[in-house]
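Okay, work.cif is below, mmCIF, C-alpha atoms and all ligand atoms:
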data_input
#
loop_
_atom_site.label_atom_id
_atom_site.label_comp_id
_atom_site.auth_asym_id
_atom_site.auth_seq_id
_atom_site.Cartn_x
_atom_site.Cartn_y
_atom_site.Cartn_z
CA MET S 1 -0.15 -11.00 8.47
CA LYS S 2 -2.90 -13.49 7.59
CA LYS S 3 -2.34 -15.80 4.60
CA GLU S 4 -5.31 -14.24 2.77
CA ALA S 5 -3.86 -10.74 3.19
CA GLU S 6 -0.49 -11.96 1.93
CA THR S 7 -2.16 -13.39 -1.18
CA ILE S 8 -3.84 -10.00 -1.83
CA GLN S 9 -0.57 -8.15 -1.28
CA GLN S 10 1.27 -10.45 -3.70
CA MET S 11 -1.48 -10.10 -6.30
CA PHE S 12 -1.18 -6.28 -6.27
CA ALA S 13 2.61 -6.57 -6.39
CA ARG S 14 2.33 -8.66 -9.57
CA ILE S 15 -0.08 -6.34 -11.38
CA ALA S 16 1.28 -2.99 -10.09
CA TRP S 17 3.11 -2.28 -13.38
CA ARG S 18 -0.18 -2.47 -15.30
CA TYR S 19 -2.55 -1.23 -12.60
CA ASP S 20 -3.08 2.38 -13.71
CA PHE S 21 -3.35 1.56 -17.39
CA LEU S 22 -5.89 -1.19 -16.76
CA ASN S 23 -7.89 0.97 -14.35
CA HIS S 24 -8.37 3.63 -17.00
CA PHE S 25 -8.74 1.21 -19.91
CA LEU S 26 -11.21 -1.21 -18.33
CA SER S 27 -13.33 1.56 -16.77
CA PHE S 28 -13.28 3.75 -19.91
CA SER S 29 -11.56 6.32 -17.64
CA PHE S 30 -14.59 6.52 -15.37
CA ASP S 31 -12.25 5.75 -12.45
CA ARG S 32 -10.92 9.32 -12.67
CA TYR S 33 -14.45 10.73 -12.49
CA TRP S 34 -15.34 8.48 -9.51
CA ARG S 35 -12.28 9.57 -7.54
CA LYS S 36 -13.11 13.23 -8.28
CA LYS S 37 -16.62 12.67 -6.94
CA ALA S 38 -15.16 11.08 -3.78
CA VAL S 39 -12.69 13.89 -3.07
CA ARG S 40 -15.54 16.40 -3.47
CA GLU S 41 -16.91 14.91 -0.24
CA VAL S 42 -13.74 15.85 1.68
CA ARG S 43 -14.15 19.11 3.56
CA LEU S 44 -10.63 20.30 4.29
CA SER S 45 -9.64 23.77 5.25
CA GLU S 46 -6.19 25.39 5.15
CA GLY S 47 -3.75 23.40 7.27
CA GLY S 48 -5.88 20.23 7.02
CA LEU S 49 -4.44 16.74 7.05
CA ALA S 50 -5.93 13.90 4.98
CA LEU S 51 -5.21 10.17 4.88
CA ASP S 52 -5.66 7.92 1.83
CA VAL S 53 -5.86 4.31 3.04
CA CYS S 54 -5.08 1.46 0.58
CA CYS S 55 -3.72 4.26 -1.59
CA GLY S 56 -2.19 1.93 -4.20
CA THR S 57 -0.54 4.01 -6.92
CA GLY S 58 -1.76 7.21 -5.24
CA ASP S 59 -4.50 8.42 -7.59
CA LEU S 60 -7.01 9.33 -4.88
CA ALA S 61 -4.42 11.27 -2.86
CA ILE S 62 -3.33 13.04 -6.06
CA ALA S 63 -6.95 13.81 -7.02
CA LEU S 64 -7.50 15.33 -3.57
CA HIS S 65 -4.38 17.42 -3.82
CA LYS S 66 -5.40 18.72 -7.25
CA THR S 67 -8.91 19.58 -6.05
CA MET S 68 -7.51 21.47 -3.08
CA ARG S 69 -5.20 23.36 -5.43
CA THR S 70 -8.19 24.82 -7.24
CA GLU S 71 -10.27 25.45 -4.13
CA LEU S 72 -7.98 26.84 -1.43
CA VAL S 73 -5.97 30.02 -1.18
CA SER S 74 -2.90 28.21 0.22
CA PRO S 75 -3.33 24.58 -0.81
CA SER S 76 0.30 23.86 0.05
CA ARG S 77 -0.74 23.96 3.70
CA VAL S 78 -3.00 20.95 3.18
CA GLN S 79 -1.14 17.70 3.66
CA VAL S 80 -2.07 14.36 2.18
CA VAL S 81 -0.60 11.05 3.32
CA GLY S 82 -1.15 7.72 1.56
CA VAL S 83 -0.72 4.30 3.15
CA ASP S 84 -0.71 0.85 1.54
CA PHE S 85 0.87 -2.50 2.39
CA CYS S 86 2.12 -3.20 -1.13
CA TYR S 87 5.60 -1.86 -1.79
CA GLU S 88 5.31 -2.14 -5.58
CA MET S 89 2.12 -0.02 -5.70
CA LEU S 90 3.70 2.58 -3.38
CA HIS S 91 6.81 2.74 -5.53
CA LEU S 92 4.68 3.86 -8.49
CA ALA S 93 2.82 6.37 -6.31
CA ARG S 94 6.14 7.86 -5.17
CA GLU S 95 7.40 8.08 -8.76
CA LYS S 96 4.28 10.04 -9.78
CA VAL S 97 4.50 12.60 -6.99
CA THR S 98 8.24 13.04 -7.46
CA LYS S 99 7.75 13.65 -11.19
CA ASP S 100 4.96 16.20 -10.61
CA ARG S 101 6.55 17.63 -7.45
CA LEU S 102 3.45 17.06 -5.37
CA PRO S 103 3.84 17.28 -1.59
CA ILE S 104 2.25 13.90 -0.83
CA GLN S 105 3.88 11.30 1.41
CA PHE S 106 3.40 7.58 0.91
CA LEU S 107 4.05 5.10 3.71
CA GLN S 108 3.96 1.33 3.87
CA GLY S 109 1.43 0.17 6.43
CA ASP S 110 -1.52 -2.09 7.15
CA ALA S 111 -5.09 -0.79 7.01
CA LEU S 112 -5.83 -3.05 10.00
CA GLN S 113 -3.17 -1.39 12.14
CA LEU S 114 -2.57 2.12 10.87
CA PRO S 115 0.82 3.54 11.90
CA PHE S 116 -0.59 6.79 13.32
CA PRO S 117 -1.70 8.04 16.75
CA ASP S 118 -5.39 8.57 17.55
CA SER S 119 -7.11 11.69 16.14
CA THR S 120 -4.27 12.65 13.76
CA PHE S 121 -6.18 13.41 10.54
CA ASP S 122 -9.07 15.67 9.58
CA THR S 123 -10.33 13.11 7.11
CA ALA S 124 -9.64 9.55 5.97
CA MET S 125 -10.64 8.13 2.63
CA VAL S 126 -10.34 4.85 0.79
CA ALA S 127 -11.01 4.14 -2.90
CA PHE S 128 -11.60 0.61 -4.20
CA GLY S 129 -9.55 -0.67 -1.27
CA ILE S 130 -11.82 -1.68 1.62
CA ARG S 131 -13.20 -4.63 -0.39
CA ASN S 132 -9.67 -6.06 -0.52
CA VAL S 133 -9.04 -5.75 3.20
CA VAL S 134 -9.62 -9.05 4.98
CA ASP S 135 -11.40 -7.49 7.98
CA ARG S 136 -13.44 -4.53 6.73
CA LYS S 137 -15.00 -3.57 10.05
CA THR S 138 -11.64 -3.45 11.85
CA SER S 139 -10.26 -1.32 9.06
CA LEU S 140 -13.18 1.14 9.39
CA ILE S 141 -12.60 1.26 13.16
CA GLU S 142 -8.90 1.96 12.54
CA MET S 143 -9.70 4.80 10.12
CA LEU S 144 -12.09 6.31 12.65
CA ARG S 145 -9.45 6.00 15.36
CA VAL S 146 -6.92 8.09 13.40
CA ILE S 147 -9.34 10.87 12.44
CA LYS S 148 -10.34 13.69 14.75
CA PRO S 149 -13.84 13.86 16.27
CA GLY S 150 -16.07 15.49 13.67
CA GLY S 151 -13.75 14.32 10.85
CA ARG S 152 -15.16 12.67 7.74
CA LEU S 153 -14.60 9.11 6.55
CA ILE S 154 -15.10 8.61 2.82
CA VAL S 155 -15.32 5.24 1.12
CA LEU S 156 -15.52 4.77 -2.65
CA GLU S 157 -16.28 1.23 -3.76
CA PHE S 158 -17.69 -0.94 -6.54
CA TYR S 159 -21.12 -2.52 -6.12
CA LYS S 160 -23.51 -4.60 -8.16
CA PRO S 161 -25.48 -2.18 -10.37
CA SER S 162 -28.98 -1.21 -9.34
CA LEU S 163 -30.68 -0.60 -12.75
CA PRO S 164 -32.08 -3.91 -14.13
CA LEU S 165 -31.38 -3.58 -17.89
CA PHE S 166 -28.05 -1.84 -17.44
CA SER S 167 -27.19 -4.52 -14.88
CA ALA S 168 -27.59 -7.32 -17.44
CA PHE S 169 -25.14 -5.72 -19.92
CA TYR S 170 -22.77 -4.63 -17.22
CA LEU S 171 -22.57 -8.11 -15.69
CA ILE S 172 -21.66 -9.63 -19.06
CA TYR S 173 -18.86 -7.10 -19.40
CA PHE S 174 -17.77 -7.43 -15.79
CA ARG S 175 -17.89 -11.23 -15.54
CA TYR S 176 -16.52 -12.20 -18.95
CA VAL S 177 -15.00 -9.33 -20.98
CA LEU S 178 -13.09 -7.57 -18.21
CA PRO S 179 -11.37 -10.72 -16.83
CA PHE S 180 -10.43 -11.76 -20.38
CA LEU S 181 -8.87 -8.38 -21.26
CA GLY S 182 -7.34 -8.06 -17.81
CA ARG S 183 -5.71 -11.48 -18.08
CA ILE S 184 -4.13 -10.70 -21.45
CA LEU S 185 -2.99 -7.18 -20.63
CA SER S 186 -1.70 -7.82 -17.11
CA ARG S 187 -0.33 -11.28 -17.92
CA ASP S 188 -1.82 -12.36 -14.60
CA THR S 189 -4.28 -15.22 -14.60
CA ARG S 190 -6.08 -14.40 -11.35
CA ALA S 191 -6.21 -10.66 -10.55
CA TYR S 192 -8.91 -9.67 -13.02
CA SER S 193 -11.12 -12.64 -12.17
CA TYR S 194 -10.70 -11.77 -8.51
CA LEU S 195 -12.03 -8.24 -9.18
CA PRO S 196 -15.57 -9.22 -10.33
CA ALA S 197 -15.72 -12.12 -7.87
CA SER S 198 -14.86 -9.82 -4.95
CA VAL S 199 -17.40 -7.17 -6.05
CA LEU S 200 -20.20 -9.68 -6.58
CA GLU S 201 -19.77 -11.13 -3.10
CA PHE S 202 -19.32 -7.70 -1.46
CA TYR S 203 -22.02 -5.85 0.49
CA THR S 204 -24.85 -3.83 -1.02
CA PRO S 205 -24.46 -0.08 -0.38
CA GLU S 206 -27.16 -0.33 2.32
CA GLU S 207 -25.31 -3.18 4.05
CA PHE S 208 -22.05 -1.25 3.86
CA ARG S 209 -23.74 1.79 5.41
CA ASN S 210 -24.78 -0.48 8.29
CA LEU S 211 -21.21 -1.74 8.65
CA MET S 212 -19.97 1.84 8.90
CA ILE S 213 -22.56 2.52 11.60
CA GLN S 214 -21.53 -0.65 13.48
CA ALA S 215 -17.91 0.51 13.26
CA GLY S 216 -18.91 3.73 15.00
CA CYS S 217 -19.64 6.24 12.20
CA GLN S 218 -22.39 8.81 12.52
CA ASP S 219 -24.55 10.46 9.85
CA VAL S 220 -23.65 7.83 7.27
CA GLN S 221 -24.92 8.58 3.79
CA PHE S 222 -24.15 7.23 0.37
CA LYS S 223 -24.58 8.21 -3.27
CA ARG S 224 -24.73 5.76 -6.13
CA LEU S 225 -22.79 6.71 -9.26
CA THR S 226 -22.94 5.47 -12.85
CA GLY S 227 -26.00 3.25 -12.60
CA GLY S 228 -24.97 2.02 -9.16
CA ILE S 229 -21.73 0.28 -10.17
CA VAL S 230 -19.94 2.55 -7.73
CA ALA S 231 -21.05 4.32 -4.55
CA VAL S 232 -19.45 6.92 -2.28
CA HIS S 233 -20.16 6.55 1.42
CA VAL S 234 -19.56 9.39 3.84
CA GLY S 235 -19.63 9.10 7.62
CA VAL S 236 -18.55 11.29 10.50
CA LYS S 237 -16.54 10.42 13.61
CA PRO S 238 -18.71 11.25 16.62
CA GLY S 239 -17.64 13.49 19.43
CA ARG S 240 -17.61 17.13 18.44
C1 LIG S 301 -7.77 -1.85 -5.95
S1 LIG S 301 -6.39 -1.11 -5.20
C2 LIG S 301 -6.92 0.55 -4.95
C3 LIG S 301 -5.81 1.54 -5.09
C4 LIG S 301 -6.21 3.00 -5.07
N1 LIG S 301 -6.88 3.38 -3.86
C5 LIG S 301 -7.04 3.41 -6.26
O1 LIG S 301 -7.93 4.24 -6.10
O2 LIG S 301 -6.75 2.95 -7.37
C6 LIG S 301 -6.45 -1.78 -3.58
C7 LIG S 301 -5.21 -1.50 -2.74
O3 LIG S 301 -5.48 -1.93 -1.40
C8 LIG S 301 -4.27 -2.36 -0.84
N2 LIG S 301 -4.56 -3.14 0.35
C9 LIG S 301 -5.36 -4.24 0.46
N3 LIG S 301 -5.39 -4.66 1.75
C10 LIG S 301 -4.62 -3.79 2.46
C11 LIG S 301 -4.27 -3.69 3.83
N4 LIG S 301 -4.71 -4.57 4.75
N5 LIG S 301 -3.47 -2.68 4.21
C12 LIG S 301 -2.99 -1.78 3.32
N6 LIG S 301 -3.28 -1.84 2.00
C13 LIG S 301 -4.09 -2.83 1.58
C14 LIG S 301 -3.60 -3.12 -1.98
O4 LIG S 301 -2.22 -3.27 -1.79
C15 LIG S 301 -3.95 -2.24 -3.18
O5 LIG S 301 -2.93 -1.32 -3.46
#
Can you give me the file's structure in the form of structure tokens?
Ligand SMILES: C[S@@+](CC[C@H](N)C(=O)[O-])C[C@H]1O[C@@H](n2cnc3c(N)ncnc32)[C@H](O)[C@@H]1O
Amino acid sequence: MKKEAETIQQMFARIAWRYDFLNHFLSFSFDRYWRKKAVREVRLSEGGLALDVCCGTGDLAIALHKTMRTELVSPSRVQVVGVDFCYEMLHLAREKVTKDRLPIQFLQGDALQLPFPDSTFDTAMVAFGIRNVVDRKTSLIEMLRVIKPGGRLIVLEFYKPSLPLFSAFYLIYFRYVLPFLGRILSRDTRAYSYLPASVLEFYTPEEFRNLMIQAGCQDVQFKRLTGGIVAVHVGVKPGR
């Protein structure tokens, strides 16, 4: 694994114990709403198989499972698998699903070399994870490889906001307040400065759509949420 990836992995290992709390606290619980919006883009039928890449503590996989529970006649036939390279994050994900008896499996693996055969899943999704992967295009290609032709790839990610006035207030919060609170509450000096820095140097939603197309996705569309601080991209694997 590259040094940069190791640094990312170690950073998530250090903050895993505070990750969920800080996600909800620093986003005013909007993170739950954003994941719900992302899983609404998944079109799974009975017997479907979904992959959550960079699953962290499992909240996207859990949100998908809960949505399926309300929408399908036999949701137990839908299977969700989460994969992440950080053991500490996965440990928390496993604790949650064990406690709530949810049939979700979590595996340790690299988003750049997914441990699954070609065309295994009906859909692959990633929430707030692709930005942290050192080679985003390769990771998109990997996700496309493991989904079936016609399957959907869903990416939820932070972006710089699009509304000018909102943007000014948001950037003050994001650049100064969030790192300060994050540092105190996680007791980690770097992780919550890394978050705004990584978002501010990330793609625009239009650029990310182009990256998905370059990786081989078809029919790529995106929706901005909450003044553009988050967007959900959806693409389709060609060939059906
Ligand atoms: C910000 S967290 C997102 C977690 C979760 N998806 C969520 O919605 O909260 C990013 C996750 O990406 C994982 N990650 C980063 N690079 C990865 C890679 N190359 N392979 C697997 N996981 C990776 C980290 O370990 C971390 O758990």
10 Å contact set for stretch 168-178 of chain S, only C-alpha atoms, chain neighbours under 2 positions out, as a ChimeraX atom specification: /S:22,25-27,160-161,163-166,180-183,192-193,195-197,199-200,227,229
Test item: residues lying within 6 Å of ligand LIG 301 (chain S) with only C-alpha atoms and all ligand atoms, as a PyMOL selection string: chain S and resi 9+12+54-56+59-60+84-86+89+109-112+126-129+132-133
Selection near S:Val134, 10 Å with only C-alpha atoms, sequence-local residues under 2 positions removed, as an NGL selection string: :S and (2-5 or 8 or 111-112 or 130-132 or 136-139)
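Omitting S:Ala93 and its sequence neighbours fewer than 2 positions away, and counting only C-alpha atoms, the residues within 6 Å are Thr57, Gly58, Leu90, His91, Glu95 and Lys96 of chain S.
Rounded to one decimal, atom CA of S:Asp118 and atom CA of S:Phe208 lie 23.7 Å from each other.
Interatomic distance, atom CA of S:Val155 against atom CA of S:Lys36: 12.5 Å.
Proximity to S:Thr226 was assessed for S:Arg240, S:Arg77, S:Arg190, S:Lys37 counting only C-alpha atoms; the smallest distance is recorded for S:Lys37.
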Interatomic distance, atom CA of S:Pro238 to atom CA of S:Cys217 (Å, one decimal): 6.7 Å
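Remark: for S:Phe222, the closest of the candidate residues S:Ile62, S:Ile154, S:Leu140, S:Tyr203 is S:Ile154 (distances computed over all atoms listed in the file).
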Residue nearest S:Leu107 - candidates S:Leu44, S:Val53, S:Leu185, S:Leu225, atoms counted: only C-alpha atoms: S:Val53
Padding 4 Å on each side, edges along x, y and z: where is the centre of the box around the listed atoms of stretch 91-104 of chain S, and how long are its edges in Å to one decimal? Output it as AutoDock Vina command-line options.
--center_x 5.2 --center_y 10.2 --center_z -6.0 --size_x 14.0 --size_y 22.9 --size_z 18.4
Need the shell around S:Lys223: protein/DNA/RNA residues with any atom at most 8 Å away, counting only C-alpha atoms. Skip same-chain ones fewer than 2 positions apart. Format as a compact mmCIF listing (two decimals) with C-alpha atoms, in the coordinates of the input?
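File written: result.txt
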# COMPACT_ATOMS: atom_id res chain seq x y z
CA GLN S 221 -24.92 8.58 3.79
CA LEU S 225 -22.79 6.71 -9.26
CA ALA S 231 -21.05 4.32 -4.55
CA VAL S 232 -19.45 6.92 -2.28
CA HIS S 233 -20.16 6.55 1.42
Restore all heavy atoms in stretch 163-174 of chain S and list the result as an mmCIF file, in the coordinates of the input.
data_model
loop_
_atom_site.group_PDB
_atom_site.id
_atom_site.type_symbol
_atom_site.label_atom_id
_atom_site.label_comp_id
_atom_site.auth_asym_id
_atom_site.auth_seq_id
_atom_site.Cartn_x
_atom_site.Cartn_y
_atom_site.Cartn_z
ATOM 1 N N LEU S 163 -29.688 -0.710 -11.669
ATOM 2 C CA LEU S 163 -30.680 -0.600 -12.750
ATOM 3 C C LEU S 163 -30.767 -1.939 -13.499
ATOM 4 O O LEU S 163 -29.747 -2.416 -14.014
ATOM 5 C CB LEU S 163 -30.278 0.503 -13.730
ATOM 6 C CG LEU S 163 -30.110 1.905 -13.151
ATOM 7 C CD1 LEU S 163 -29.544 2.865 -14.193
ATOM 8 C CD2 LEU S 163 -31.450 2.412 -12.631
ATOM 9 N N PRO S 164 -31.969 -2.532 -13.610
ATOM 10 C CA PRO S 164 -32.080 -3.910 -14.130
ATOM 11 C C PRO S 164 -31.488 -4.141 -15.530
ATOM 12 O O PRO S 164 -30.675 -5.037 -15.715
ATOM 13 C CB PRO S 164 -33.581 -4.171 -14.112
ATOM 14 C CG PRO S 164 -34.159 -3.155 -13.210
ATOM 15 C CD PRO S 164 -33.242 -1.988 -13.158
ATOM 16 N N LEU S 165 -31.857 -3.318 -16.520
ATOM 17 C CA LEU S 165 -31.380 -3.580 -17.890
ATOM 18 C C LEU S 165 -29.879 -3.330 -18.001
ATOM 19 O O LEU S 165 -29.121 -4.142 -18.536
ATOM 20 C CB LEU S 165 -32.163 -2.709 -18.889
ATOM 21 C CG LEU S 165 -31.887 -3.025 -20.347
ATOM 22 C CD1 LEU S 165 -32.303 -4.461 -20.686
ATOM 23 C CD2 LEU S 165 -32.658 -2.042 -21.254
ATOM 24 N N PHE S 166 -29.469 -2.197 -17.445
ATOM 25 C CA PHE S 166 -28.050 -1.840 -17.440
ATOM 26 C C PHE S 166 -27.255 -2.960 -16.747
ATOM 27 O O PHE S 166 -26.177 -3.362 -17.192
ATOM 28 C CB PHE S 166 -27.884 -0.502 -16.710
ATOM 29 C CG PHE S 166 -26.462 -0.108 -16.458
ATOM 30 C CD1 PHE S 166 -25.619 0.177 -17.523
ATOM 31 C CD2 PHE S 166 -25.954 -0.008 -15.169
ATOM 32 C CE1 PHE S 166 -24.303 0.542 -17.307
ATOM 33 C CE2 PHE S 166 -24.646 0.354 -14.937
ATOM 34 C CZ PHE S 166 -23.819 0.633 -16.001
ATOM 35 N N SER S 167 -27.840 -3.475 -15.663
ATOM 36 C CA SER S 167 -27.190 -4.520 -14.880
ATOM 37 C C SER S 167 -26.865 -5.747 -15.739
ATOM 38 O O SER S 167 -25.777 -6.314 -15.637
ATOM 39 C CB SER S 167 -28.149 -4.892 -13.752
ATOM 40 O OG SER S 167 -27.602 -5.868 -12.970
ATOM 41 N N ALA S 168 -27.805 -6.125 -16.619
ATOM 42 C CA ALA S 168 -27.590 -7.320 -17.440
ATOM 43 C C ALA S 168 -26.375 -7.130 -18.355
ATOM 44 O O ALA S 168 -25.500 -8.002 -18.432
ATOM 45 C CB ALA S 168 -28.847 -7.590 -18.273
ATOM 46 N N PHE S 169 -26.283 -5.983 -19.027
ATOM 47 C CA PHE S 169 -25.140 -5.720 -19.920
ATOM 48 C C PHE S 169 -23.844 -5.598 -19.130
ATOM 49 O O PHE S 169 -22.813 -6.136 -19.499
ATOM 50 C CB PHE S 169 -25.378 -4.436 -20.727
ATOM 51 C CG PHE S 169 -26.388 -4.624 -21.807
ATOM 52 C CD1 PHE S 169 -27.650 -4.069 -21.699
ATOM 53 C CD2 PHE S 169 -26.096 -5.392 -22.938
ATOM 54 C CE1 PHE S 169 -28.607 -4.256 -22.683
ATOM 55 C CE2 PHE S 169 -27.048 -5.586 -23.931
ATOM 56 C CZ PHE S 169 -28.299 -5.008 -23.803
ATOM 57 N N TYR S 170 -23.959 -4.874 -18.025
ATOM 58 C CA TYR S 170 -22.770 -4.630 -17.220
ATOM 59 C C TYR S 170 -22.185 -5.955 -16.712
ATOM 60 O O TYR S 170 -20.969 -6.165 -16.753
ATOM 61 C CB TYR S 170 -23.121 -3.720 -16.038
ATOM 62 C CG TYR S 170 -21.970 -3.502 -15.081
ATOM 63 C CD1 TYR S 170 -20.922 -2.653 -15.410
ATOM 64 C CD2 TYR S 170 -21.921 -4.166 -13.860
ATOM 65 C CE1 TYR S 170 -19.859 -2.460 -14.540
ATOM 66 C CE2 TYR S 170 -20.863 -3.986 -12.984
ATOM 67 C CZ TYR S 170 -19.840 -3.125 -13.327
ATOM 68 O OH TYR S 170 -18.800 -2.953 -12.473
ATOM 69 N N LEU S 171 -23.068 -6.855 -16.260
ATOM 70 C CA LEU S 171 -22.570 -8.110 -15.690
ATOM 71 C C LEU S 171 -21.883 -8.983 -16.746
ATOM 72 O O LEU S 171 -20.931 -9.691 -16.444
ATOM 73 C CB LEU S 171 -23.684 -8.859 -14.967
ATOM 74 C CG LEU S 171 -24.104 -8.204 -13.644
ATOM 75 C CD1 LEU S 171 -25.243 -8.959 -12.989
ATOM 76 C CD2 LEU S 171 -22.928 -8.078 -12.663
ATOM 77 N N ILE S 172 -22.355 -8.881 -17.988
ATOM 78 C CA ILE S 172 -21.660 -9.630 -19.060
ATOM 79 C C ILE S 172 -20.247 -9.058 -19.222
ATOM 80 O O ILE S 172 -19.258 -9.792 -19.272
ATOM 81 C CB ILE S 172 -22.447 -9.547 -20.383
ATOM 82 C CG1 ILE S 172 -23.749 -10.315 -20.236
ATOM 83 C CG2 ILE S 172 -21.605 -10.084 -21.560
ATOM 84 C CD1 ILE S 172 -24.696 -10.178 -21.410
ATOM 85 N N TYR S 173 -20.175 -7.739 -19.274
ATOM 86 C CA TYR S 173 -18.860 -7.100 -19.400
ATOM 87 C C TYR S 173 -17.976 -7.463 -18.202
ATOM 88 O O TYR S 173 -16.816 -7.868 -18.359
ATOM 89 C CB TYR S 173 -19.030 -5.571 -19.498
ATOM 90 C CG TYR S 173 -17.709 -4.855 -19.461
ATOM 91 C CD1 TYR S 173 -16.848 -4.882 -20.558
ATOM 92 C CD2 TYR S 173 -17.285 -4.171 -18.317
ATOM 93 C CE1 TYR S 173 -15.613 -4.255 -20.519
ATOM 94 C CE2 TYR S 173 -16.057 -3.545 -18.269
ATOM 95 C CZ TYR S 173 -15.222 -3.594 -19.372
ATOM 96 O OH TYR S 173 -13.996 -2.984 -19.320
ATOM 97 N N PHE S 174 -18.549 -7.318 -17.022
ATOM 98 C CA PHE S 174 -17.770 -7.430 -15.790
ATOM 99 C C PHE S 174 -17.325 -8.875 -15.511
ATOM 100 O O PHE S 174 -16.214 -9.108 -15.040
ATOM 101 C CB PHE S 174 -18.664 -6.904 -14.659
ATOM 102 C CG PHE S 174 -17.932 -6.498 -13.426
ATOM 103 C CD1 PHE S 174 -16.862 -5.611 -13.483
ATOM 104 C CD2 PHE S 174 -18.317 -6.977 -12.188
ATOM 105 C CE1 PHE S 174 -16.196 -5.223 -12.333
ATOM 106 C CE2 PHE S 174 -17.660 -6.589 -11.030
ATOM 107 C CZ PHE S 174 -16.595 -5.717 -11.109
#
